[in-house]
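Everything below belongs to start_12.cif, which stores mmCIF, C-alpha atoms and all ligand atoms.
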data_protein
#
loop_
_atom_site.group_PDB
_atom_site.id
_atom_site.type_symbol
_atom_site.label_atom_id
_atom_site.label_comp_id
_atom_site.auth_asym_id
_atom_site.auth_seq_id
_atom_site.Cartn_x
_atom_site.Cartn_y
_atom_site.Cartn_z
ATOM 1 C CA MET A 1 -51.349 108.037 -81.291
ATOM 2 C CA THR A 2 -50.834 111.683 -82.255
ATOM 3 C CA ARG A 3 -52.795 114.453 -83.882
ATOM 4 C CA ASP A 4 -50.982 113.609 -87.136
ATOM 5 C CA ASP A 5 -52.387 110.114 -87.369
ATOM 6 C CA GLY A 6 -54.909 111.151 -90.009
ATOM 7 C CA PRO A 7 -58.678 111.588 -89.919
ATOM 8 C CA PRO A 8 -60.068 110.483 -86.559
ATOM 9 C CA THR A 9 -62.196 107.675 -87.916
ATOM 10 C CA ALA A 10 -59.776 106.303 -90.521
ATOM 11 C CA GLY A 11 -59.140 102.615 -89.953
ATOM 12 C CA SER A 12 -60.980 102.526 -86.650
ATOM 13 C CA ARG A 13 -63.938 100.471 -85.464
ATOM 14 C CA ASN A 14 -66.917 102.211 -83.926
ATOM 15 C CA ALA A 15 -67.829 101.614 -80.303
ATOM 16 C CA ALA A 16 -70.934 102.900 -78.486
ATOM 17 C CA PRO A 17 -70.388 105.985 -76.282
ATOM 18 C CA TYR A 18 -68.993 105.226 -72.816
ATOM 19 C CA THR A 19 -68.215 101.578 -73.525
ATOM 20 C CA LEU A 20 -64.438 101.540 -74.057
ATOM 21 C CA LEU A 21 -64.011 105.044 -72.649
ATOM 22 C CA ALA A 22 -65.332 103.900 -69.260
ATOM 23 C CA GLU A 23 -62.120 102.205 -68.112
ATOM 24 C CA GLY A 24 -60.056 105.360 -68.681
ATOM 25 C CA TYR A 25 -62.765 107.970 -68.045
ATOM 26 C CA ASP A 26 -61.389 109.060 -64.662
ATOM 27 C CA THR A 27 -57.968 109.763 -66.156
ATOM 28 C CA VAL A 28 -59.468 111.652 -69.103
ATOM 29 C CA MET A 29 -61.515 113.710 -66.592
ATOM 30 C CA GLU A 30 -58.809 114.189 -64.005
ATOM 31 C CA HIS A 31 -58.997 117.976 -64.445
ATOM 32 C CA VAL A 32 -62.508 117.927 -62.959
ATOM 33 C CA ASP A 33 -62.645 118.818 -59.251
ATOM 34 C CA TYR A 34 -65.461 116.516 -58.080
ATOM 35 C CA GLU A 35 -64.895 117.454 -54.421
ATOM 36 C CA ALA A 36 -65.556 121.121 -55.247
ATOM 37 C CA TRP A 37 -68.590 120.130 -57.343
ATOM 38 C CA ALA A 38 -69.897 118.049 -54.430
ATOM 39 C CA ASP A 39 -69.389 121.026 -52.071
ATOM 40 C CA TYR A 40 -71.436 123.205 -54.410
ATOM 41 C CA VAL A 41 -74.226 120.665 -54.892
ATOM 42 C CA TYR A 42 -74.469 120.033 -51.178
ATOM 43 C CA ALA A 43 -74.661 123.805 -50.532
ATOM 44 C CA LEU A 44 -77.601 123.987 -52.986
ATOM 45 C CA LEU A 45 -79.337 121.095 -51.249
ATOM 46 C CA MET A 46 -78.867 122.761 -47.865
ATOM 47 C CA GLU A 47 -80.010 126.136 -49.146
ATOM 48 C CA HIS A 48 -83.227 124.823 -50.654
ATOM 49 C CA HIS A 49 -84.082 121.674 -48.698
ATOM 50 C CA GLY A 50 -82.030 121.301 -45.551
ATOM 51 C CA ALA A 51 -82.750 117.680 -44.638
ATOM 52 C CA VAL A 52 -81.686 115.512 -47.554
ATOM 53 C CA ARG A 53 -81.330 111.879 -46.530
ATOM 54 C CA SER A 54 -81.929 110.043 -49.776
ATOM 55 C CA ILE A 55 -80.427 110.813 -53.194
ATOM 56 C CA LEU A 56 -80.888 109.345 -56.647
ATOM 57 C CA GLU A 57 -78.156 110.373 -59.071
ATOM 58 C CA LEU A 58 -78.842 110.040 -62.796
ATOM 59 C CA GLY A 59 -76.054 109.836 -65.377
ATOM 60 C CA CYS A 60 -73.632 109.198 -62.507
ATOM 61 C CA GLY A 61 -70.846 107.956 -64.773
ATOM 62 C CA THR A 62 -68.032 106.317 -62.820
ATOM 63 C CA GLY A 63 -69.446 107.568 -59.509
ATOM 64 C CA SER A 64 -66.888 110.286 -58.714
ATOM 65 C CA LEU A 65 -69.467 112.852 -57.612
ATOM 66 C CA ALA A 66 -71.408 110.211 -55.670
ATOM 67 C CA LEU A 67 -68.318 109.187 -53.740
ATOM 68 C CA ALA A 68 -67.285 112.806 -53.096
ATOM 69 C CA LEU A 69 -70.772 113.602 -51.751
ATOM 70 C CA GLN A 70 -70.521 110.869 -49.123
ATOM 71 C CA ALA A 71 -68.398 113.283 -47.030
ATOM 72 C CA TYR A 72 -71.734 114.969 -46.253
ATOM 73 C CA GLY A 73 -73.708 111.777 -45.550
ATOM 74 C CA PRO A 74 -74.861 109.370 -44.494
ATOM 75 C CA PHE A 75 -77.380 109.190 -47.325
ATOM 76 C CA ALA A 76 -79.371 106.384 -48.848
ATOM 77 C CA TYR A 77 -77.666 106.915 -52.211
ATOM 78 C CA ARG A 78 -78.249 105.260 -55.566
ATOM 79 C CA GLY A 79 -76.269 106.208 -58.643
ATOM 80 C CA THR A 80 -77.578 105.207 -62.067
ATOM 81 C CA ASP A 81 -76.212 105.528 -65.566
ATOM 82 C CA GLY A 82 -77.222 104.427 -69.035
ATOM 83 C CA SER A 83 -73.809 102.883 -69.645
ATOM 84 C CA GLU A 84 -73.251 99.483 -68.013
ATOM 85 C CA ALA A 85 -69.500 99.922 -68.455
ATOM 86 C CA MET A 86 -69.524 103.199 -66.506
ATOM 87 C CA VAL A 87 -71.676 101.614 -63.761
ATOM 88 C CA LYS A 88 -69.215 98.723 -63.500
ATOM 89 C CA VAL A 89 -66.356 101.145 -62.840
ATOM 90 C CA ALA A 90 -68.465 103.026 -60.258
ATOM 91 C CA GLN A 91 -69.304 99.771 -58.455
ATOM 92 C CA ARG A 92 -65.631 98.816 -58.375
ATOM 93 C CA LYS A 93 -64.639 102.206 -56.931
ATOM 94 C CA ALA A 94 -67.332 102.025 -54.230
ATOM 95 C CA ARG A 95 -66.206 98.507 -53.252
ATOM 96 C CA ALA A 96 -62.560 99.576 -53.118
ATOM 97 C CA ALA A 97 -63.404 102.612 -50.961
ATOM 98 C CA LYS A 98 -65.798 100.488 -48.816
ATOM 99 C CA ILE A 99 -68.517 103.099 -49.398
ATOM 100 C CA PRO A 100 -72.098 101.763 -49.354
ATOM 101 C CA VAL A 101 -73.431 103.458 -52.492
ATOM 102 C CA THR A 102 -75.601 101.408 -54.836
ATOM 103 C CA PHE A 103 -74.857 101.798 -58.554
ATOM 104 C CA THR A 104 -77.241 100.347 -61.132
ATOM 105 C CA PRO A 105 -77.752 100.819 -64.876
ATOM 106 C CA ALA A 106 -80.795 102.914 -65.882
ATOM 107 C CA ASP A 107 -81.766 105.211 -68.721
ATOM 108 C CA PHE A 108 -83.012 108.414 -67.107
ATOM 109 C CA ARG A 109 -85.726 108.758 -69.745
ATOM 110 C CA ASP A 110 -87.246 105.486 -68.561
ATOM 111 C CA LEU A 111 -86.479 104.897 -64.896
ATOM 112 C CA PRO A 112 -87.524 101.715 -63.123
ATOM 113 C CA PRO A 113 -89.805 102.091 -60.080
ATOM 114 C CA LEU A 114 -87.630 103.166 -57.120
ATOM 115 C CA PRO A 115 -88.392 104.341 -53.568
ATOM 116 C CA PRO A 116 -89.003 108.138 -53.678
ATOM 117 C CA VAL A 117 -86.064 110.320 -52.627
ATOM 118 C CA ASP A 118 -85.362 113.786 -51.198
ATOM 119 C CA ALA A 119 -83.106 114.771 -54.101
ATOM 120 C CA VAL A 120 -82.385 113.748 -57.670
ATOM 121 C CA LEU A 121 -79.110 114.857 -59.288
ATOM 122 C CA LEU A 122 -77.971 114.975 -62.920
ATOM 123 C CA LEU A 123 -74.626 116.690 -63.366
ATOM 124 C CA TYR A 124 -71.849 117.381 -65.824
ATOM 125 C CA ASP A 125 -73.691 117.524 -69.121
ATOM 126 C CA GLY A 126 -76.010 114.526 -68.637
ATOM 127 C CA LEU A 127 -78.930 116.706 -69.770
ATOM 128 C CA ASN A 128 -76.987 117.796 -72.871
ATOM 129 C CA TYR A 129 -76.916 114.185 -74.050
ATOM 130 C CA VAL A 130 -80.681 114.448 -74.507
ATOM 131 C CA LEU A 131 -80.983 115.642 -78.079
ATOM 132 C CA GLU A 132 -84.733 116.248 -78.280
ATOM 133 C CA PRO A 133 -86.590 118.739 -76.047
ATOM 134 C CA SER A 134 -89.532 116.309 -75.901
ATOM 135 C CA GLU A 135 -87.207 113.822 -74.184
ATOM 136 C CA ILE A 136 -86.213 116.448 -71.625
ATOM 137 C CA ALA A 137 -89.925 116.805 -70.884
ATOM 138 C CA THR A 138 -90.018 113.026 -70.353
ATOM 139 C CA LEU A 139 -86.968 113.251 -68.072
ATOM 140 C CA PHE A 140 -88.701 115.916 -65.943
ATOM 141 C CA GLU A 141 -91.755 113.656 -65.594
ATOM 142 C CA GLN A 142 -89.541 110.735 -64.570
ATOM 143 C CA VAL A 143 -87.802 112.899 -61.963
ATOM 144 C CA TYR A 144 -91.152 114.148 -60.630
ATOM 145 C CA ARG A 145 -92.189 110.539 -60.049
ATOM 146 C CA ALA A 146 -88.865 109.714 -58.362
ATOM 147 C CA LEU A 147 -89.088 112.579 -55.823
ATOM 148 C CA LYS A 148 -90.868 112.862 -52.489
ATOM 149 C CA PRO A 149 -93.122 115.930 -52.152
ATOM 150 C CA GLY A 150 -90.794 118.871 -51.419
ATOM 151 C CA GLY A 151 -87.868 116.993 -52.984
ATOM 152 C CA LEU A 152 -85.332 118.756 -55.208
ATOM 153 C CA PHE A 153 -83.956 118.132 -58.675
ATOM 154 C CA VAL A 154 -80.483 119.634 -59.143
ATOM 155 C CA PHE A 155 -79.043 119.479 -62.655
ATOM 156 C CA ASP A 156 -76.750 121.452 -64.909
ATOM 157 C CA GLN A 157 -76.882 122.451 -68.536
ATOM 158 C CA SER A 158 -74.084 123.532 -70.835
ATOM 159 C CA THR A 159 -75.096 126.388 -73.157
ATOM 160 C CA PRO A 160 -74.020 127.255 -76.736
ATOM 161 C CA LEU A 161 -71.688 129.915 -75.273
ATOM 162 C CA ASN A 162 -69.690 127.193 -73.514
ATOM 163 C CA SER A 163 -69.007 125.586 -76.891
ATOM 164 C CA LEU A 164 -68.479 128.862 -78.770
ATOM 165 C CA ASN A 165 -66.165 130.447 -76.174
ATOM 166 C CA HIS A 166 -63.827 127.439 -75.955
ATOM 167 C CA PRO A 167 -63.428 126.204 -79.540
ATOM 168 C CA ASP A 168 -60.263 124.189 -78.766
ATOM 169 C CA GLY A 169 -60.862 123.712 -75.064
ATOM 170 C CA PHE A 170 -62.200 120.191 -75.463
ATOM 171 C CA ASP A 171 -59.406 118.790 -77.646
ATOM 172 C CA ASP A 172 -56.560 116.814 -76.142
ATOM 173 C CA ALA A 173 -54.582 113.589 -76.306
ATOM 174 C CA GLY A 174 -53.197 111.334 -73.622
ATOM 175 C CA ARG A 175 -52.786 107.883 -72.192
ATOM 176 C CA THR A 176 -54.684 105.995 -69.480
ATOM 177 C CA GLU A 177 -54.081 102.527 -68.060
ATOM 178 C CA ALA A 178 -56.720 101.164 -70.460
ATOM 179 C CA PHE A 179 -55.986 103.048 -73.706
ATOM 180 C CA GLU A 180 -54.313 105.952 -75.405
ATOM 181 C CA TYR A 181 -56.687 108.555 -76.761
ATOM 182 C CA LEU A 182 -57.100 111.484 -79.048
ATOM 183 C CA ARG A 183 -60.107 113.723 -78.387
ATOM 184 C CA THR A 184 -61.358 116.175 -80.989
ATOM 185 C CA SER A 185 -64.583 118.096 -80.989
ATOM 186 C CA ARG A 186 -66.568 120.419 -83.169
ATOM 187 C CA TYR A 187 -69.589 122.582 -82.547
ATOM 188 C CA ASP A 188 -72.207 123.369 -85.159
ATOM 189 C CA PRO A 189 -73.848 126.718 -84.297
ATOM 190 C CA ALA A 190 -76.672 126.000 -86.760
ATOM 191 C CA THR A 191 -77.853 122.827 -85.021
ATOM 192 C CA HIS A 192 -76.361 123.491 -81.543
ATOM 193 C CA LEU A 193 -74.879 119.998 -81.715
ATOM 194 C CA HIS A 194 -71.484 119.488 -80.102
ATOM 195 C CA THR A 195 -69.808 116.342 -81.373
ATOM 196 C CA THR A 196 -66.814 114.872 -79.571
ATOM 197 C CA LEU A 197 -64.841 112.113 -81.177
ATOM 198 C CA PHE A 198 -62.680 109.878 -79.022
ATOM 199 C CA ARG A 199 -60.168 107.837 -80.956
ATOM 200 C CA LEU A 200 -59.012 105.094 -78.603
ATOM 201 C CA GLY A 201 -56.011 102.836 -79.032
ATOM 202 C CA VAL A 202 -56.578 99.560 -77.188
ATOM 203 C CA ASP A 203 -54.110 96.654 -77.470
ATOM 204 C CA GLY A 204 -52.913 97.767 -80.902
ATOM 205 C CA GLN A 205 -56.407 98.308 -82.275
ATOM 206 C CA THR A 206 -58.111 101.653 -82.837
ATOM 207 C CA PHE A 207 -61.721 102.375 -81.917
ATOM 208 C CA SER A 208 -63.873 105.482 -82.235
ATOM 209 C CA GLU A 209 -66.540 106.651 -79.831
ATOM 210 C CA THR A 210 -68.682 109.524 -81.077
ATOM 211 C CA HIS A 211 -70.468 111.538 -78.387
ATOM 212 C CA VAL A 212 -73.151 113.974 -79.506
ATOM 213 C CA GLN A 213 -74.506 116.588 -77.144
ATOM 214 C CA ARG A 214 -76.934 119.417 -77.722
ATOM 215 C CA ALA A 215 -76.155 122.816 -76.226
ATOM 216 C CA TYR A 216 -79.355 124.365 -74.859
ATOM 217 C CA GLU A 217 -80.049 128.057 -74.354
ATOM 218 C CA LEU A 218 -81.271 129.153 -70.918
ATOM 219 C CA ALA A 219 -84.609 130.124 -72.462
ATOM 220 C CA GLU A 220 -85.122 126.650 -73.935
ATOM 221 C CA ILE A 221 -84.762 124.971 -70.540
ATOM 222 C CA GLU A 222 -86.838 127.705 -68.893
ATOM 223 C CA TYR A 223 -89.651 126.896 -71.300
ATOM 224 C CA LEU A 224 -89.419 123.152 -70.613
ATOM 225 C CA VAL A 225 -89.326 123.730 -66.832
ATOM 226 C CA ALA A 226 -92.369 126.003 -67.023
ATOM 227 C CA HIS A 227 -94.268 123.248 -68.858
ATOM 228 C CA SER A 228 -93.158 120.474 -66.484
ATOM 229 C CA PRO A 229 -94.747 119.239 -63.257
ATOM 230 C CA LEU A 230 -91.694 120.535 -61.348
ATOM 231 C CA VAL A 231 -91.474 124.027 -59.851
ATOM 232 C CA ARG A 232 -88.572 126.381 -60.609
ATOM 233 C CA VAL A 233 -86.605 127.276 -57.481
ATOM 234 C CA ALA A 234 -83.431 128.761 -58.972
ATOM 235 C CA ALA A 235 -81.123 128.825 -62.004
ATOM 236 C CA TYR A 236 -77.566 129.745 -61.040
ATOM 237 C CA ASP A 237 -74.710 131.018 -63.191
ATOM 238 C CA GLY A 238 -71.840 128.514 -63.191
ATOM 239 C CA PHE A 239 -70.866 127.465 -59.683
ATOM 240 C CA SER A 240 -72.146 130.647 -58.088
ATOM 241 C CA LEU A 241 -75.328 131.698 -56.330
ATOM 242 C CA ASP A 242 -75.891 134.467 -58.885
ATOM 243 C CA PRO A 243 -78.948 134.146 -61.110
ATOM 244 C CA ALA A 244 -78.107 132.831 -64.569
ATOM 245 C CA ASP A 245 -78.755 134.982 -67.597
ATOM 246 C CA ALA A 246 -78.147 134.622 -71.346
ATOM 247 C CA SER A 247 -74.370 135.112 -70.834
ATOM 248 C CA ALA A 248 -73.996 131.886 -68.777
ATOM 249 C CA GLU A 249 -71.864 129.020 -70.097
ATOM 250 C CA ARG A 250 -73.019 126.498 -67.493
ATOM 251 C CA ILE A 251 -76.196 126.764 -65.444
ATOM 252 C CA HIS A 252 -77.114 124.867 -62.295
ATOM 253 C CA TRP A 253 -80.838 124.450 -61.884
ATOM 254 C CA VAL A 254 -82.812 123.668 -58.735
ATOM 255 C CA LEU A 255 -86.374 122.446 -59.272
ATOM 256 C CA GLN A 256 -88.820 121.172 -56.687
ATOM 257 C CA LYS A 257 -91.696 118.757 -56.503
ATOM 258 C CA GLY A 258 -94.158 121.107 -54.831
ATOM 259 C CA GLN A 259 -95.912 120.322 -51.570
ATOM 260 C CA ALA A 260 -99.668 120.800 -51.664
ATOM 261 C CA GLY A 261 -100.373 124.473 -50.805
ATOM 262 C CA ALA A 262 -96.694 125.534 -50.842
ATOM 263 C CA SER A 263 -94.988 127.635 -53.495
ATOM 264 C CA ALA A 264 -91.289 127.050 -54.089
ATOM 265 C CA GLU A 265 -90.756 129.707 -56.711
ATOM 266 C CA LYS A 266 -88.317 132.530 -55.874
HETATM 267 C C1 LIG A 301 -70.157 113.583 -69.321
HETATM 268 S S1 LIG A 301 -70.675 112.105 -68.566
HETATM 269 C C2 LIG A 301 -70.854 112.661 -66.878
HETATM 270 C C3 LIG A 301 -70.790 111.515 -65.905
HETATM 271 C C4 LIG A 301 -70.807 111.943 -64.452
HETATM 272 N N1 LIG A 301 -72.009 112.636 -64.106
HETATM 273 C C5 LIG A 301 -69.589 112.785 -64.139
HETATM 274 O O1 LIG A 301 -69.762 113.868 -63.577
HETATM 275 O O2 LIG A 301 -68.476 112.349 -64.399
HETATM 276 C C6 LIG A 301 -72.365 111.917 -69.072
HETATM 277 C C7 LIG A 301 -72.988 110.631 -68.555
HETATM 278 O O3 LIG A 301 -74.368 110.640 -68.892
HETATM 279 C C8 LIG A 301 -74.718 109.307 -69.196
HETATM 280 N N2 LIG A 301 -75.956 109.337 -69.987
HETATM 281 C C9 LIG A 301 -76.162 109.933 -71.182
HETATM 282 N N3 LIG A 301 -77.434 109.736 -71.598
HETATM 283 C C10 LIG A 301 -78.030 108.990 -70.635
HETATM 284 C C11 LIG A 301 -79.347 108.471 -70.467
HETATM 285 N N4 LIG A 301 -80.306 108.669 -71.399
HETATM 286 N N5 LIG A 301 -79.634 107.775 -69.343
HETATM 287 C C12 LIG A 301 -78.678 107.572 -68.398
HETATM 288 N N6 LIG A 301 -77.408 108.026 -68.505
HETATM 289 C C13 LIG A 301 -77.092 108.741 -69.609
HETATM 290 C C14 LIG A 301 -73.531 108.749 -69.934
HETATM 291 O O4 LIG A 301 -73.525 107.322 -69.963
HETATM 292 C C15 LIG A 301 -72.387 109.361 -69.133
HETATM 293 O O5 LIG A 301 -71.958 108.517 -68.094
#
Before we go any further, please render this structure as structure tokens.
Amino acid sequence: MTRDDGPPTAGSRNAAPYTLLAEGYDTVMEHVDYEAWADYVYALLMEHHGAVRSILELGCGTGSLALALQAYGPFAYRGTDGSEAMVKVAQRKARAAKIPVTFTPADFRDLPPLPPVDAVLLLYDGLNYVLEPSEIATLFEQVYRALKPGGLFVFDQSTPLNSLNHPDGFDDAGRTEAFEYLRTSRYDPATHLHTTLFRLGVDGQTFSETHVQRAYELAEIEYLVAHSPLVRVAAYDGFSLDPADASAERIHWVLQKGQAGASAEK
């Protein structure tokens, strides 16, 4: 399949996001340094908590971050994702690596009852898949319920600048063991919606997966945090420990479920 094969959806059948993509996701994402991301996340947990023994990861995908974080364990670790196909790949990887991480399907806007944890994680654009701010408010409530008092929520957000500054940065084509793919994306500055179209060639057939994300401004998430039951600890620019401002492309947030009588805000 090449970029000259015509409009991305012509002659293809639609598949739900992260169904067919799951089996080749790790190859499509092989540019992502999950070890470095795990180092950064663990540094944030140490900086703001110090004794994390239990972790719930939301939107864990194929479990790459979860497995990389085990270098810092042991943790009681559960990874969850809304896509059963992604969870299946994560389970297979954990079995193959003989790493005792539990992976189960769950929509992070409607989590099942789980034992409370020291830290909840949601990384690499999971939040951007939530298209309505009211649903982010629901997510924050779900996370509050999932945390122990004093527990942390670490998540990232991609901002409109990330989409605007890299107009072609998300387009590519390639081949995995499961499919060949063509990825094209477009960003609409009016709606802040970033749409990525994966055209997947599987066994001679062509499928399309359309992924829609919403790029949020720092101020939008600040507002939602301020109106949530969680307490703001920090918002960092990129993978640094510098405070994020309106020029950030990716922001890592640290929120806390406050302890009675303690203030987490910095
Ligand atoms: C870009 S992928 C990132 C996956 C993983 N965190 C990583 O770093 O590779 C976004 C993930 O969020 C998941 N996701 C999106 N909306 C979700 C929801 N409402 N509940 C649970 N998972 C969701 C998708 O299924 C997908 O696996």
To test the calculation: enclose all listed atoms of ligand LIG 301 (chain A) in a box whose edges run along x, y and z, add 8 Å on each side, then state centre and edge lengths in Å to one decimal, as lines of an AutoDock Vina configuration file.
center_x = -74.4
center_y = 110.6
center_z = -67.6
size_x = 27.8
size_y = 22.5
size_z = 24.0
Using the chain letters and numbers from the file, which residues does the PyMOL selection byres (((chain A and resi 76) around 9) and not hetatm) grab, as an mmCIF file with C-alpha atoms, in the frame of the given file?
data_model
loop_
_atom_site.group_PDB
_atom_site.id
_atom_site.type_symbol
_atom_site.label_atom_id
_atom_site.label_comp_id
_atom_site.auth_asym_id
_atom_site.auth_seq_id
_atom_site.Cartn_x
_atom_site.Cartn_y
_atom_site.Cartn_z
ATOM 1 C CA ARG A 53 -81.330 111.879 -46.530
ATOM 2 C CA SER A 54 -81.929 110.043 -49.776
ATOM 3 C CA ILE A 55 -80.427 110.813 -53.194
ATOM 4 C CA LEU A 56 -80.888 109.345 -56.647
ATOM 5 C CA GLY A 73 -73.708 111.777 -45.550
ATOM 6 C CA PRO A 74 -74.861 109.370 -44.494
ATOM 7 C CA PHE A 75 -77.380 109.190 -47.325
ATOM 8 C CA TYR A 77 -77.666 106.915 -52.211
ATOM 9 C CA ARG A 78 -78.249 105.260 -55.566
ATOM 10 C CA PRO A 100 -72.098 101.763 -49.354
ATOM 11 C CA VAL A 101 -73.431 103.458 -52.492
ATOM 12 C CA THR A 102 -75.601 101.408 -54.836
ATOM 13 C CA VAL A 117 -86.064 110.320 -52.627
#
Could you spell out the hits of the PyMOL selection byres (((chain A and resi 206) around 9) and not hetatm) on the shown file, as a PDB file with C-alpha atoms, in the coordinates of the input?
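To be explicit, this is the file written out as out_22.pdb:
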ATOM      1  CA  THR A   9     -62.196 107.675 -87.916  1.00  0.00           C
ATOM      2  CA  GLY A  11     -59.140 102.615 -89.953  1.00  0.00           C
ATOM      3  CA  SER A  12     -60.980 102.526 -86.650  1.00  0.00           C
ATOM      4  CA  ARG A  13     -63.938 100.471 -85.464  1.00  0.00           C
ATOM      5  CA  ASN A  14     -66.917 102.211 -83.926  1.00  0.00           C
ATOM      6  CA  ARG A 199     -60.168 107.837 -80.956  1.00  0.00           C
ATOM      7  CA  LEU A 200     -59.012 105.094 -78.603  1.00  0.00           C
ATOM      8  CA  GLY A 201     -56.011 102.836 -79.032  1.00  0.00           C
ATOM      9  CA  VAL A 202     -56.578  99.560 -77.188  1.00  0.00           C
ATOM     10  CA  ASP A 203     -54.110  96.654 -77.470  1.00  0.00           C
ATOM     11  CA  GLY A 204     -52.913  97.767 -80.902  1.00  0.00           C
ATOM     12  CA  GLN A 205     -56.407  98.308 -82.275  1.00  0.00           C
ATOM     13  CA  PHE A 207     -61.721 102.375 -81.917  1.00  0.00           C
ATOM     14  CA  SER A 208     -63.873 105.482 -82.235  1.00  0.00           C
TER      15      SER A 208
END
Per residue of chain A within 6 Å of ligand LIG 301 (chain A), what are the shortest atom pair and its distance in Å to one decimal, counting all atoms listed in the file, with rows by chain and residue number, as CSV?
residue,atom,partner,partner_atom,distance
A:Tyr18,CA,A:LIG301,O4,5.8
A:Gly59,CA,A:LIG301,N6,3.9
A:Cys60,CA,A:LIG301,N1,4.1
A:Gly61,CA,A:LIG301,O5,3.5
A:Asp81,CA,A:LIG301,N6,4.0
A:Gly82,CA,A:LIG301,C12,3.5
A:Ser83,CA,A:LIG301,O4,4.5
A:Ala106,CA,A:LIG301,C12,5.7
A:Asp107,CA,A:LIG301,N5,3.4
A:Phe108,CA,A:LIG301,N5,4.1
A:Arg109,CA,A:LIG301,N4,5.7
A:Leu123,CA,A:LIG301,N1,4.9
A:Tyr124,CA,A:LIG301,O1,4.7
A:Asp125,CA,A:LIG301,C1,5.3
A:Gly126,CA,A:LIG301,O3,4.2
A:Tyr129,CA,A:LIG301,N3,5.1
| field | Matched chain/residue IDs from the PyMOL selection byres (((chain A and resi 145) around 12) and not hetatm), as a PyMOL selection string | value | chain A and resi 56+108-120+138-144+146-149+151-153+228-230+256-258
Show me, as a Markdown table, the residues of segment 159-185 of chain A having an atom within 9 Å of segment 214-221 of chain A, each with the closest atom pair and its distance in Å, using all atoms listed in the file.
| residue | atom | partner | partner_atom | distance |
| --- | --- | --- | --- | --- |
| A:Thr159 | CA | A:Ala215 | CA | 4.8 |
| A:Pro160 | CA | A:Ala215 | CA | 5.0 |
| A:Leu161 | CA | A:Ala215 | CA | 8.4 |
| A:Asn162 | CA | A:Ala215 | CA | 8.3 |
| A:Ser163 | CA | A:Ala215 | CA | 7.7 |
| For atom CA of Asp156 of chain A and atom CA of Ser240 of chain A, the interatomic separation in Å (one decimal) | 12.3 Å
| said: Just checking: using all atoms listed in the file, which residue out of A:Tyr34, A:Thr104, A:His48, A:Gln91 ends up closest to Thr62 of chain A? | reply: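 Going through A:Tyr34, A:Thr104, A:His48, A:Gln91 one by one, the smallest distance to Thr62 of chain A is for A:Gln91.
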| query | Using all atoms listed in the file, which of A:Leu164, A:Ala178, A:Ile251, A:Ala71 sits nearest Ala234 of chain A? | reply |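 Closest candidate: A:Ile251.
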| Taking only C-alpha atoms into account, which of A:Phe239, A:Asp168, A:Glu177, A:Ala190 comes nearest Asp39 of chain A? |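 Nearest candidate to Asp39 of chain A out of A:Phe239, A:Asp168, A:Glu177, A:Ala190: A:Phe239.
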| message | Nearest residue to Leu45 of chain A out of A:Tyr181, A:Trp253, A:Phe198, A:Tyr25, using only C-alpha atoms? | response | A:Trp253
